[in-house]
$ cat input_4.pdb   # PDB, C-alpha atoms
MODEL        1
ATOM      1  CA  MET A   1      -0.375 -14.945  -1.391
ATOM      2  CA  ILE A   2      -3.157 -14.464   1.135
ATOM      3  CA  ALA A   3      -1.923 -15.355   4.581
ATOM      4  CA  ALA A   4      -3.843 -18.147   6.237
ATOM      5  CA  ALA A   5      -4.513 -15.762   9.103
ATOM      6  CA  PHE A   6      -6.650 -13.693   6.728
ATOM      7  CA  LEU A   7      -9.248 -16.432   6.908
ATOM      8  CA  LEU A   8      -9.583 -16.944  10.640
ATOM      9  CA  ALA A   9     -12.471 -19.082  11.725
ATOM     10  CA  CYS A  10     -14.090 -16.617  14.092
ATOM     11  CA  ALA A  11     -14.445 -12.891  14.530
ATOM     12  CA  ALA A  12     -15.596 -10.462  17.177
ATOM     13  CA  PRO A  13     -19.049  -9.004  16.456
ATOM     14  CA  PHE A  14     -19.011  -5.632  14.716
ATOM     15  CA  THR A  15     -20.081  -2.758  16.944
ATOM     16  CA  SER A  16     -20.920   0.418  15.079
ATOM     17  CA  PRO A  17     -19.258   3.585  16.457
ATOM     18  CA  SER A  18     -22.679   5.251  16.191
ATOM     19  CA  GLU A  19     -23.642   3.171  19.242
ATOM     20  CA  ARG A  20     -20.908   4.914  21.301
ATOM     21  CA  PRO A  21     -20.267   8.199  19.424
ATOM     22  CA  ASP A  22     -18.611  10.244  22.186
ATOM     23  CA  THR A  23     -16.106   7.556  23.109
ATOM     24  CA  TYR A  24     -15.420   6.867  19.448
ATOM     25  CA  ARG A  25     -14.779  10.548  18.635
ATOM     26  CA  GLN A  26     -12.329  10.812  21.545
ATOM     27  CA  THR A  27     -10.502   7.724  20.311
ATOM     28  CA  ILE A  28     -10.162   9.101  16.783
ATOM     29  CA  GLU A  29      -9.037  12.535  17.999
ATOM     30  CA  GLN A  30      -6.330  10.868  20.085
ATOM     31  CA  TRP A  31      -5.276   8.731  17.103
ATOM     32  CA  ARG A  32      -5.024  11.845  14.923
ATOM     33  CA  ALA A  33      -2.895  13.647  17.521
ATOM     34  CA  GLU A  34      -0.512  10.673  17.666
ATOM     35  CA  TYR A  35      -0.330  10.591  13.879
ATOM     36  CA  ALA A  36       0.679  14.268  13.779
ATOM     37  CA  THR A  37       3.298  13.633  16.464
ATOM     38  CA  GLY A  38       4.785  10.870  14.322
ATOM     39  CA  LEU A  39       5.132  13.227  11.364
ATOM     40  CA  GLN A  40       7.133  15.626  13.552
ATOM     41  CA  LYS A  41       9.686  13.114  14.783
ATOM     42  CA  PRO A  42      13.354  13.751  13.845
ATOM     43  CA  GLU A  43      12.959  11.098  11.149
ATOM     44  CA  GLY A  44       9.294  11.745  10.411
ATOM     45  CA  TRP A  45       8.088  12.896   7.008
ATOM     46  CA  LEU A  46       8.171  16.575   7.981
ATOM     47  CA  SER A  47      11.925  16.230   8.589
ATOM     48  CA  VAL A  48      12.676  14.949   5.091
ATOM     49  CA  ALA A  49      14.900  17.669   3.634
ATOM     50  CA  GLY A  50      16.397  16.169   0.497
ATOM     51  CA  LEU A  51      16.471  13.309  -1.991
ATOM     52  CA  PHE A  52      19.550  12.813  -4.171
ATOM     53  CA  TRP A  53      19.706  10.258  -6.979
ATOM     54  CA  LEU A  54      23.114   8.631  -7.302
ATOM     55  CA  LYS A  55      24.923   8.279 -10.593
ATOM     56  CA  GLU A  56      27.010   5.240 -11.442
ATOM     57  CA  GLY A  57      30.470   5.592  -9.964
ATOM     58  CA  VAL A  58      31.637   8.060  -7.329
ATOM     59  CA  ASN A  59      29.225  10.571  -5.757
ATOM     60  CA  THR A  60      30.565  13.245  -3.416
ATOM     61  CA  LEU A  61      28.964  13.812  -0.017
ATOM     62  CA  GLY A  62      29.130  17.016   2.058
ATOM     63  CA  SER A  63      27.873  20.559   2.603
ATOM     64  CA  ASP A  64      29.652  21.991  -0.441
ATOM     65  CA  ALA A  65      26.965  23.023  -2.920
ATOM     66  CA  SER A  66      28.747  21.158  -5.716
ATOM     67  CA  SER A  67      28.382  17.816  -3.895
ATOM     68  CA  ASN A  68      26.246  15.108  -5.450
ATOM     69  CA  VAL A  69      24.625  14.620  -2.036
ATOM     70  CA  VAL A  70      24.371  18.004  -0.307
ATOM     71  CA  LEU A  71      24.195  17.923   3.493
ATOM     72  CA  PRO A  72      23.277  20.867   5.753
ATOM     73  CA  ALA A  73      26.238  23.039   6.728
ATOM     74  CA  HIS A  74      25.176  22.942  10.381
ATOM     75  CA  SER A  75      26.025  19.218  10.488
ATOM     76  CA  SER A  76      28.597  18.496   7.793
ATOM     77  CA  PRO A  77      31.978  19.691   6.567
ATOM     78  CA  ALA A  78      32.343  20.685   2.933
ATOM     79  CA  ARG A  79      33.579  17.190   2.075
ATOM     80  CA  ALA A  80      32.351  14.353   4.262
ATOM     81  CA  GLY A  81      33.137  11.433   1.965
ATOM     82  CA  THR A  82      31.882   9.598  -1.085
ATOM     83  CA  LEU A  83      29.144   7.169  -2.054
ATOM     84  CA  THR A  84      30.152   4.848  -4.892
ATOM     85  CA  ARG A  85      27.342   3.217  -6.822
ATOM     86  CA  SER A  86      27.817   0.034  -8.814
ATOM     87  CA  GLY A  87      24.435  -1.159 -10.047
ATOM     88  CA  ASP A  88      22.318  -1.813  -6.961
ATOM     89  CA  HIS A  89      25.307  -1.619  -4.613
ATOM     90  CA  VAL A  90      26.417   1.500  -2.742
ATOM     91  CA  VAL A  91      29.676   1.812  -0.799
ATOM     92  CA  LEU A  92      30.384   4.617   1.663
ATOM     93  CA  ASP A  93      33.889   5.968   2.202
ATOM     94  CA  VAL A  94      34.243   8.593   4.926
ATOM     95  CA  ALA A  95      36.753  11.433   4.658
ATOM     96  CA  SER A  96      39.574  11.542   7.170
ATOM     97  CA  GLY A  97      38.638  13.169  10.469
ATOM     98  CA  VAL A  98      34.877  13.081   9.838
ATOM     99  CA  ASN A  99      32.797  11.464  12.595
ATOM    100  CA  LEU A 100      30.138   9.773  10.475
ATOM    101  CA  LEU A 101      28.162   6.964  12.117
ATOM    102  CA  VAL A 102      26.544   3.984  10.409
ATOM    103  CA  ASN A 103      23.876   2.428  12.596
ATOM    104  CA  GLU A 104      25.350   4.509  15.451
ATOM    105  CA  ALA A 105      28.832   3.007  15.081
ATOM    106  CA  PRO A 106      31.802   5.082  13.814
ATOM    107  CA  SER A 107      32.617   4.105  10.246
ATOM    108  CA  THR A 108      35.213   4.825   7.594
ATOM    109  CA  HIS A 109      34.014   2.317   4.971
ATOM    110  CA  ALA A 110      30.748   0.410   4.600
ATOM    111  CA  GLU A 111      28.644  -1.342   1.987
ATOM    112  CA  LEU A 112      25.168   0.039   2.559
ATOM    113  CA  LYS A 113      21.837  -1.751   2.536
ATOM    114  CA  SER A 114      18.940   0.129   0.948
ATOM    115  CA  ASP A 115      15.334   0.241   2.106
ATOM    116  CA  MET A 116      14.590  -2.632  -0.289
ATOM    117  CA  SER A 117      16.370  -4.909   2.182
ATOM    118  CA  GLY A 118      13.679  -4.113   4.749
ATOM    119  CA  ARG A 119      16.246  -2.493   7.025
ATOM    120  CA  ALA A 120      18.204   0.320   5.417
ATOM    121  CA  ASP A 121      21.483   1.296   7.031
ATOM    122  CA  ARG A 122      21.134   4.583   8.900
ATOM    123  CA  MET A 123      23.943   7.103   8.456
ATOM    124  CA  ARG A 124      24.257  10.024  10.850
ATOM    125  CA  LEU A 125      26.430  13.115  10.772
ATOM    126  CA  GLY A 126      25.749  15.592  13.549
ATOM    127  CA  ASP A 127      21.986  15.805  13.936
ATOM    128  CA  VAL A 128      21.092  14.832  10.374
ATOM    129  CA  THR A 129      20.530  11.278   9.177
ATOM    130  CA  PHE A 130      20.331   9.782   5.706
ATOM    131  CA  LYS A 131      19.541   6.413   4.140
ATOM    132  CA  VAL A 132      19.857   4.721   0.767
ATOM    133  CA  ILE A 133      16.560   4.075  -1.036
ATOM    134  CA  GLN A 134      15.790   2.214  -4.259
ATOM    135  CA  ARG A 135      12.913   2.998  -6.625
ATOM    136  CA  GLY A 136      12.878   0.915  -9.777
ATOM    137  CA  ASN A 137      16.315   1.397 -11.328
ATOM    138  CA  ARG A 138      16.970   4.512  -9.272
ATOM    139  CA  ILE A 139      19.229   4.503  -6.232
ATOM    140  CA  GLY A 140      19.108   7.564  -4.021
ATOM    141  CA  VAL A 141      19.847   9.058  -0.627
ATOM    142  CA  ARG A 142      17.021  10.452   1.497
ATOM    143  CA  LEU A 143      18.040  13.120   3.991
ATOM    144  CA  TYR A 144      16.366  13.869   7.336
ATOM    145  CA  ASP A 145      17.094  17.187   9.036
ATOM    146  CA  PRO A 146      15.188  18.014  12.258
ATOM    147  CA  LYS A 147      16.066  21.684  11.692
ATOM    148  CA  CYS A 148      14.477  21.841   8.247
ATOM    149  CA  LYS A 149      11.767  24.376   7.444
ATOM    150  CA  GLY A 150       9.023  21.776   6.915
ATOM    151  CA  ARG A 151       9.341  20.544  10.492
ATOM    152  CA  LEU A 152       9.989  23.855  12.223
ATOM    153  CA  ASP A 153       7.103  25.620  10.453
ATOM    154  CA  PHE A 154       4.548  22.863  11.042
ATOM    155  CA  LYS A 155       1.173  24.370  11.997
ATOM    156  CA  GLY A 156      -0.915  21.215  12.204
ATOM    157  CA  LEU A 157      -3.064  19.012   9.990
ATOM    158  CA  HIS A 158      -6.569  19.522   8.608
ATOM    159  CA  TRP A 159      -9.284  16.908   9.104
ATOM    160  CA  TYR A 160     -12.937  16.394   8.400
ATOM    161  CA  ALA A 161     -15.083  16.211  11.517
ATOM    162  CA  VAL A 162     -15.210  12.684  12.877
ATOM    163  CA  ASP A 163     -18.179  10.892  11.295
ATOM    164  CA  PRO A 164     -19.176   7.536  12.811
ATOM    165  CA  ALA A 165     -21.337   6.857   9.728
ATOM    166  CA  LEU A 166     -18.174   6.493   7.644
ATOM    167  CA  VAL A 167     -17.060   3.406   9.498
ATOM    168  CA  VAL A 168     -18.326   0.652   7.219
ATOM    169  CA  ARG A 169     -18.300  -3.106   7.132
ATOM    170  CA  ALA A 170     -16.828  -4.553   3.925
ATOM    171  CA  LYS A 171     -16.736  -7.990   2.362
ATOM    172  CA  PHE A 172     -13.286  -9.272   1.461
ATOM    173  CA  VAL A 173     -13.231 -11.139  -1.855
ATOM    174  CA  ARG A 174     -10.048 -13.059  -2.549
ATOM    175  CA  TYR A 175      -8.363 -13.173  -5.934
ATOM    176  CA  ASP A 176      -7.373 -16.744  -6.744
ATOM    177  CA  PRO A 177      -4.685 -16.556  -7.945
ATOM    178  CA  PRO A 178      -3.602 -13.101  -6.678
ATOM    179  CA  LYS A 179      -4.185 -10.387  -9.260
ATOM    180  CA  PRO A 180      -1.053  -8.886 -10.863
ATOM    181  CA  VAL A 181      -1.255  -5.114 -11.340
ATOM    182  CA  PRO A 182       1.207  -2.379 -12.303
ATOM    183  CA  ILE A 183       1.709   0.135  -9.474
ATOM    184  CA  PHE A 184       3.465   3.354 -10.461
ATOM    185  CA  ASN A 185       4.871   5.948  -8.110
ATOM    186  CA  ILE A 186       4.729   9.702  -8.681
ATOM    187  CA  LEU A 187       8.095   9.550 -10.485
ATOM    188  CA  GLY A 188       6.773   7.025 -12.984
ATOM    189  CA  ASP A 189       8.706   4.059 -11.578
ATOM    190  CA  LEU A 190       6.886   0.759 -11.967
ATOM    191  CA  SER A 191       6.528  -1.809  -9.192
ATOM    192  CA  PRO A 192       4.693  -4.963 -10.312
ATOM    193  CA  THR A 193       2.392  -5.994  -7.464
ATOM    194  CA  SER A 194       0.103  -8.922  -6.728
ATOM    195  CA  LEU A 195      -3.140  -8.027  -4.989
ATOM    196  CA  PRO A 196      -4.700 -10.558  -2.605
ATOM    197  CA  GLY A 197      -8.278  -9.397  -3.087
ATOM    198  CA  TYR A 198     -10.764  -6.549  -3.010
ATOM    199  CA  LEU A 199     -13.268  -5.034  -0.577
ATOM    200  CA  GLU A 200     -16.967  -4.546  -1.335
ATOM    201  CA  PHE A 201     -19.034  -2.100   0.719
ATOM    202  CA  THR A 202     -21.833   0.454   0.469
ATOM    203  CA  ILE A 203     -21.679   4.187   1.232
ATOM    204  CA  ASN A 204     -24.779   6.391   1.023
ATOM    205  CA  GLY A 205     -26.510   3.741  -1.036
ATOM    206  CA  THR A 206     -23.649   3.476  -3.540
ATOM    207  CA  GLU A 207     -21.960   0.108  -3.987
ATOM    208  CA  CYS A 208     -18.189   0.507  -3.858
ATOM    209  CA  ARG A 209     -15.167  -1.641  -4.493
ATOM    210  CA  LEU A 210     -11.478  -1.127  -3.687
ATOM    211  CA  ASP A 211      -8.536  -3.359  -4.473
ATOM    212  CA  ALA A 212      -6.458  -4.045  -1.373
ATOM    213  CA  GLU A 213      -2.731  -4.590  -1.033
ATOM    214  CA  ASP A 214      -1.180  -7.041   1.408
ATOM    215  CA  ALA A 215       0.418  -5.116   4.288
ATOM    216  CA  GLY A 216       1.619  -8.124   6.282
ATOM    217  CA  SER A 217      -0.424  -7.732   9.454
ATOM    218  CA  GLY A 218      -3.367  -6.256   7.573
ATOM    219  CA  LEU A 219      -4.455  -4.687   4.304
ATOM    220  CA  PHE A 220      -3.533  -1.361   2.712
ATOM    221  CA  LEU A 221      -5.914   0.807   0.686
ATOM    222  CA  ASN A 222      -4.662   3.477  -1.719
ATOM    223  CA  PHE A 223      -7.679   5.236  -3.188
ATOM    224  CA  GLN A 224      -9.253   8.297  -4.724
ATOM    225  CA  ASP A 225     -12.818   9.573  -4.446
ATOM    226  CA  GLU A 226     -14.819  12.611  -5.562
ATOM    227  CA  THR A 227     -13.089  14.852  -3.006
ATOM    228  CA  THR A 228      -9.669  14.099  -4.534
ATOM    229  CA  GLY A 229      -8.003  17.240  -5.825
ATOM    230  CA  GLU A 230     -10.741  19.367  -4.281
ATOM    231  CA  THR A 231     -10.680  19.147  -0.491
ATOM    232  CA  THR A 232      -8.270  16.201  -0.287
ATOM    233  CA  TYR A 233      -4.812  15.530  -1.726
ATOM    234  CA  GLY A 234      -4.680  15.327  -5.506
ATOM    235  CA  ALA A 235      -3.046  11.895  -5.783
ATOM    236  CA  GLY A 236      -5.340  10.139  -3.328
ATOM    237  CA  ARG A 237      -5.245   8.932   0.261
ATOM    238  CA  PHE A 238      -3.902   5.998   2.264
ATOM    239  CA  LEU A 239      -5.763   3.807   4.741
ATOM    240  CA  ASP A 240      -4.686   0.748   6.709
ATOM    241  CA  VAL A 241      -7.273  -1.824   7.768
ATOM    242  CA  ASP A 242      -7.100  -4.980   9.825
ATOM    243  CA  ARG A 243      -6.838  -8.382   8.210
ATOM    244  CA  PRO A 244     -10.159  -9.995   7.290
ATOM    245  CA  LEU A 245     -12.013 -12.077   9.834
ATOM    246  CA  ARG A 246     -14.576 -14.490   8.441
ATOM    247  CA  GLY A 247     -14.252 -12.686   5.126
ATOM    248  CA  GLU A 248     -15.114  -9.241   6.507
ATOM    249  CA  VAL A 249     -13.182  -6.057   7.234
ATOM    250  CA  THR A 250     -14.048  -2.826   9.030
ATOM    251  CA  ILE A 251     -13.027   0.273   7.039
ATOM    252  CA  ASP A 252     -12.733   3.421   9.130
ATOM    253  CA  PHE A 253     -12.480   6.306   6.675
ATOM    254  CA  ASN A 254     -11.974   8.705   9.597
ATOM    255  CA  LYS A 255      -8.383   7.383   9.650
ATOM    256  CA  ALA A 256      -7.695   8.053   5.956
ATOM    257  CA  THR A 257      -4.482  10.081   5.647
ATOM    258  CA  ASN A 258      -2.453  11.863   3.052
ATOM    259  CA  PRO A 259       0.454  10.021   1.455
ATOM    260  CA  PRO A 260       3.904  11.319   2.487
ATOM    261  CA  CYS A 261       4.161  13.268  -0.779
ATOM    262  CA  ALA A 262       1.604  15.720   0.641
ATOM    263  CA  TYR A 263       4.100  16.784   3.321
ATOM    264  CA  THR A 264       7.383  16.823   1.390
ATOM    265  CA  GLY A 265       8.580  17.043  -2.171
ATOM    266  CA  PHE A 266      11.179  14.382  -1.419
ATOM    267  CA  ALA A 267       8.845  11.385  -1.077
ATOM    268  CA  THR A 268       8.157   8.810  -3.808
ATOM    269  CA  CYS A 269       4.581   7.759  -3.104
ATOM    270  CA  PRO A 270       2.786   4.987  -4.989
ATOM    271  CA  LEU A 271      -0.305   5.943  -6.939
ATOM    272  CA  PRO A 272      -3.564   4.031  -6.422
ATOM    273  CA  PRO A 273      -4.002   0.732  -8.275
ATOM    274  CA  PRO A 274      -5.956   1.041 -11.538
ATOM    275  CA  GLY A 275      -9.656   1.323 -10.764
ATOM    276  CA  ASN A 276      -9.315   2.455  -7.139
ATOM    277  CA  SER A 277     -11.334   5.629  -7.675
ATOM    278  CA  LEU A 278     -14.709   5.774  -5.945
ATOM    279  CA  ASP A 279     -17.721   7.532  -7.463
ATOM    280  CA  VAL A 280     -18.723   8.935  -4.072
ATOM    281  CA  ARG A 281     -17.489  11.701  -1.788
ATOM    282  CA  ILE A 282     -15.629  10.334   1.225
ATOM    283  CA  GLU A 283     -15.817  13.388   3.483
ATOM    284  CA  ALA A 284     -13.837  11.798   6.287
ATOM    285  CA  GLY A 285     -10.209  11.612   7.312
ATOM    286  CA  GLU A 286      -7.445  14.028   6.401
ATOM    287  CA  LYS A 287      -7.934  16.993   4.106
ATOM    288  CA  ALA A 288      -5.290  18.439   1.798
ATOM    289  CA  TYR A 289      -2.167  19.562   3.670
ATOM    290  CA  HIS A 290      -0.873  23.107   3.595
ATOM    291  CA  ALA A 291       1.802  24.547   5.840
ATOM    292  CA  GLU A 292       0.054  27.840   6.618
TER     293      GLU A 292
ENDMDL
END

$ encode --input "input_4.pdb" --output "structure tokens"
Amino acid sequence: MIAAAFLLACAAPFTSPSERPDTYRQTIEQWRAEYATGLQKPEGWLSVAGLFWLKEGVNTLGSDASSNVVLPAHSSPARAGTLTRSGDHVVLDVASGVNLLVNEAPSTHAELKSDMSGRADRMRLGDVTFKVIQRGNRIGVRLYDPKCKGRLDFKGLHWYAVDPALVVRAKFVRYDPPKPVPIFNILGDLSPTSLPGYLEFTINGTECRLDAEDAGSGLFLNFQDETTGETTYGAGRFLDVDRPLRGEVTIDFNKATNPPCAYTGFATCPLPPPGNSLDVRIEAGEKAYHAE
């Protein structure tokens, strides 16, 4: 449902960045630098080094190549323990003498919460961490390794030049009731979603419309445009916007970013909602990522 806060009675007047271009460009450049720093954190997307889907029953955990969940040899013994899956439940049993931490506390046995709980349990062995994730009927373990190639070889991101003209004012139109849509991820898993509304705006004389997802404190846009697969990532781009004030939202396309799947093959990104493909070129925000 749309939060009542989405319909606040008053709003600050909209000031176009074109009225203060130098200050605005500096602000966006700083935001982009902070975004890149976040990707490089020990548990940022560039540190994701593995994703292992668990079978029903016992799954072995360790650096041995035959393990169901293979951990880096620099942090794990050949056999570190087991992860036993029973439906949506996963239980960790740690091998004798292995110093494995769960939420930074030594553990020998634990029933693990996945990311679907909103707060996945964090396992750590040496300098690698791993968490249980759930995608549809799949249960897996996502591994973070700060020594992985993706993080160590990072050369930076690629952006369009900051363009104040691509900060637009949009009208928020509420769905009443919320609109149910099927959202698939890149693996084909389905997550039924209810959309609170859509945004209407104009770019270069073209009327545009994007369905928006509820992101709690704001709205989330997952979209494609005519740069998709050409100069920008082939599945689309992500953009967070503030919650509507008096039925309006500011969309700053200079902050459009790649989904995590652009940086690692071990992400499970959602695809855009049906219809969220714009018939215009949005030459703003992040370009396609490549490690060179």

$ resolve_selection --input "input_4.pdb" --expression "the PyMOL selection byres ((chain A and resi 133) around 8)" --output "ChimeraX atom specification"
/A:114-116,120,131-132,134-135,139-142

$ resolve_selection --input "input_4.pdb" --expression "the PyMOL selection byres ((chain A and resi 273) around 10)" --output "PyMOL selection string"
chain A and resi 181-184+193+195+210-213+221-224+270-272+274-277

$ resolve_selection --input "input_4.pdb" --expression "the PyMOL selection byres ((chain A and resi 101-107) around 6)" --output "list of chain:residue names"
A:Leu100, A:Thr108, A:His109, A:Arg122, A:Met123, A:Arg124

$ closest_residue --input "input_4.pdb" --among "A:Thr227, A:Thr60, A:Thr37, A:Ser66" --to "Val94 of chain A" --atoms "all atoms listed in the file"
A:Thr60

$ residues_around --input "input_4.pdb" --residues "Thr257 of chain A" --least-positions-apart "2" --cutoff "8 Å" --atoms "all atoms listed in the file" --output "number ranges by chain"
A: 237-239, 255, 259, 285-287

$ write_last_selection --input "input_4.pdb" --atoms "C-alpha atoms" --output "CSV table (one decimal), keeping the file's coordinate frame"
chain,number,residue,atom,x,y,z
A,237,ARG,CA,-5.2,8.9,0.3
A,238,PHE,CA,-3.9,6.0,2.3
A,239,LEU,CA,-5.8,3.8,4.7
A,255,LYS,CA,-8.4,7.4,9.6
A,259,PRO,CA,0.5,10.0,1.5
A,285,GLY,CA,-10.2,11.6,7.3
A,286,GLU,CA,-7.4,14.0,6.4
A,287,LYS,CA,-7.9,17.0,4.1

$ residues_around --input "input_4.pdb" --residues "His290 of chain A" --least-positions-apart "2" --cutoff "10 Å" --atoms "all atoms listed in the file" --output "count of residues only"
10

$ closest_residue --input "input_4.pdb" --among "A:Pro244, A:Gly87, A:Gly188, A:Gly197" --to "Ser217 of chain A" --atoms "all atoms listed in the file"
A:Pro244

$ closest_residue --input "input_4.pdb" --among "A:Cys269, A:Val241, A:Ala49, A:Ile28" --to "Leu199 of chain A" --atoms "only C-alpha atoms"
A:Val241

$ atom_distance --input "input_4.pdb" --atom1 "atom CA of Leu51 of chain A" --atom2 "atom CA of Asn99 of chain A"
22.0 Å

$ atom_distance --input "input_4.pdb" --atom1 "atom CA of Pro21 of chain A" --atom2 "atom CA of Trp159 of chain A"
17.4 Å

$ atom_distance --input "input_4.pdb" --atom1 "atom CA of Leu245 of chain A" --atom2 "atom CA of Val167 of chain A"
16.3 Å

$ build_atoms --input "input_4.pdb" --residues "segment 24-43 of chain A" --atoms "N, CA, C and O atoms" --output "tab-separated table (two decimals), in the coordinates of the input"
chain	number	residue	atom	x	y	z
A	24	TYR	N	-16.07	7.07	20.75
A	24	TYR	CA	-15.42	6.87	19.45
A	24	TYR	C	-14.72	8.13	18.98
A	24	TYR	O	-13.57	8.10	18.52
A	25	ARG	N	-15.38	9.28	19.08
A	25	ARG	CA	-14.78	10.55	18.64
A	25	ARG	C	-13.50	10.84	19.42
A	25	ARG	O	-12.50	11.29	18.86
A	26	GLN	N	-13.52	10.59	20.73
A	26	GLN	CA	-12.33	10.81	21.54
A	26	GLN	C	-11.19	9.91	21.10
A	26	GLN	O	-10.03	10.34	21.03
A	27	THR	N	-11.52	8.67	20.77
A	27	THR	CA	-10.50	7.72	20.31
A	27	THR	C	-9.87	8.19	19.01
A	27	THR	O	-8.64	8.14	18.85
A	28	ILE	N	-10.69	8.64	18.07
A	28	ILE	CA	-10.16	9.10	16.78
A	28	ILE	C	-9.35	10.38	16.95
A	28	ILE	O	-8.28	10.53	16.33
A	29	GLU	N	-9.80	11.30	17.78
A	29	GLU	CA	-9.04	12.54	18.00
A	29	GLU	C	-7.67	12.22	18.60
A	29	GLU	O	-6.66	12.84	18.23
A	30	GLN	N	-7.62	11.26	19.51
A	30	GLN	CA	-6.33	10.87	20.08
A	30	GLN	C	-5.45	10.23	19.02
A	30	GLN	O	-4.24	10.51	18.93
A	31	TRP	N	-6.04	9.38	18.18
A	31	TRP	CA	-5.28	8.73	17.10
A	31	TRP	C	-4.70	9.78	16.15
A	31	TRP	O	-3.54	9.70	15.75
A	32	ARG	N	-5.49	10.80	15.83
A	32	ARG	CA	-5.02	11.84	14.92
A	32	ARG	C	-3.88	12.65	15.55
A	32	ARG	O	-2.93	13.03	14.86
A	33	ALA	N	-3.97	12.91	16.84
A	33	ALA	CA	-2.90	13.65	17.52
A	33	ALA	C	-1.60	12.83	17.49
A	33	ALA	O	-0.51	13.38	17.27
A	34	GLU	N	-1.70	11.54	17.70
A	34	GLU	CA	-0.51	10.67	17.67
A	34	GLU	C	0.07	10.59	16.26
A	34	GLU	O	1.29	10.54	16.08
A	35	TYR	N	-0.80	10.60	15.26
A	35	TYR	CA	-0.33	10.59	13.88
A	35	TYR	C	0.47	11.85	13.57
A	35	TYR	O	1.56	11.79	12.97
A	36	ALA	N	-0.03	13.00	14.00
A	36	ALA	CA	0.68	14.27	13.78
A	36	ALA	C	2.01	14.28	14.51
A	36	ALA	O	3.02	14.78	13.99
A	37	THR	N	2.05	13.72	15.71
A	37	THR	CA	3.30	13.63	16.46
A	37	THR	C	4.33	12.80	15.71
A	37	THR	O	5.51	13.15	15.65
A	38	GLY	N	3.87	11.71	15.10
A	38	GLY	CA	4.78	10.87	14.32
A	38	GLY	C	5.39	11.61	13.14
A	38	GLY	O	6.57	11.43	12.82
A	39	LEU	N	4.61	12.45	12.49
A	39	LEU	CA	5.13	13.23	11.36
A	39	LEU	C	6.24	14.18	11.79
A	39	LEU	O	7.12	14.52	11.01
A	40	GLN	N	6.19	14.62	13.06
A	40	GLN	CA	7.13	15.63	13.55
A	40	GLN	C	8.40	15.03	14.18
A	40	GLN	O	9.27	15.78	14.61
A	41	LYS	N	8.50	13.73	14.20
A	41	LYS	CA	9.69	13.11	14.78
A	41	LYS	C	10.93	13.49	13.97
A	41	LYS	O	10.82	13.87	12.80
A	42	PRO	N	12.13	13.39	14.58
A	42	PRO	CA	13.35	13.75	13.84
A	42	PRO	C	13.52	13.00	12.53
A	42	PRO	O	14.19	13.51	11.62
A	43	GLU	N	12.94	11.81	12.41
A	43	GLU	CA	12.96	11.10	11.15
A	43	GLU	C	11.54	10.85	10.63
A	43	GLU	O	11.27	9.89	9.94
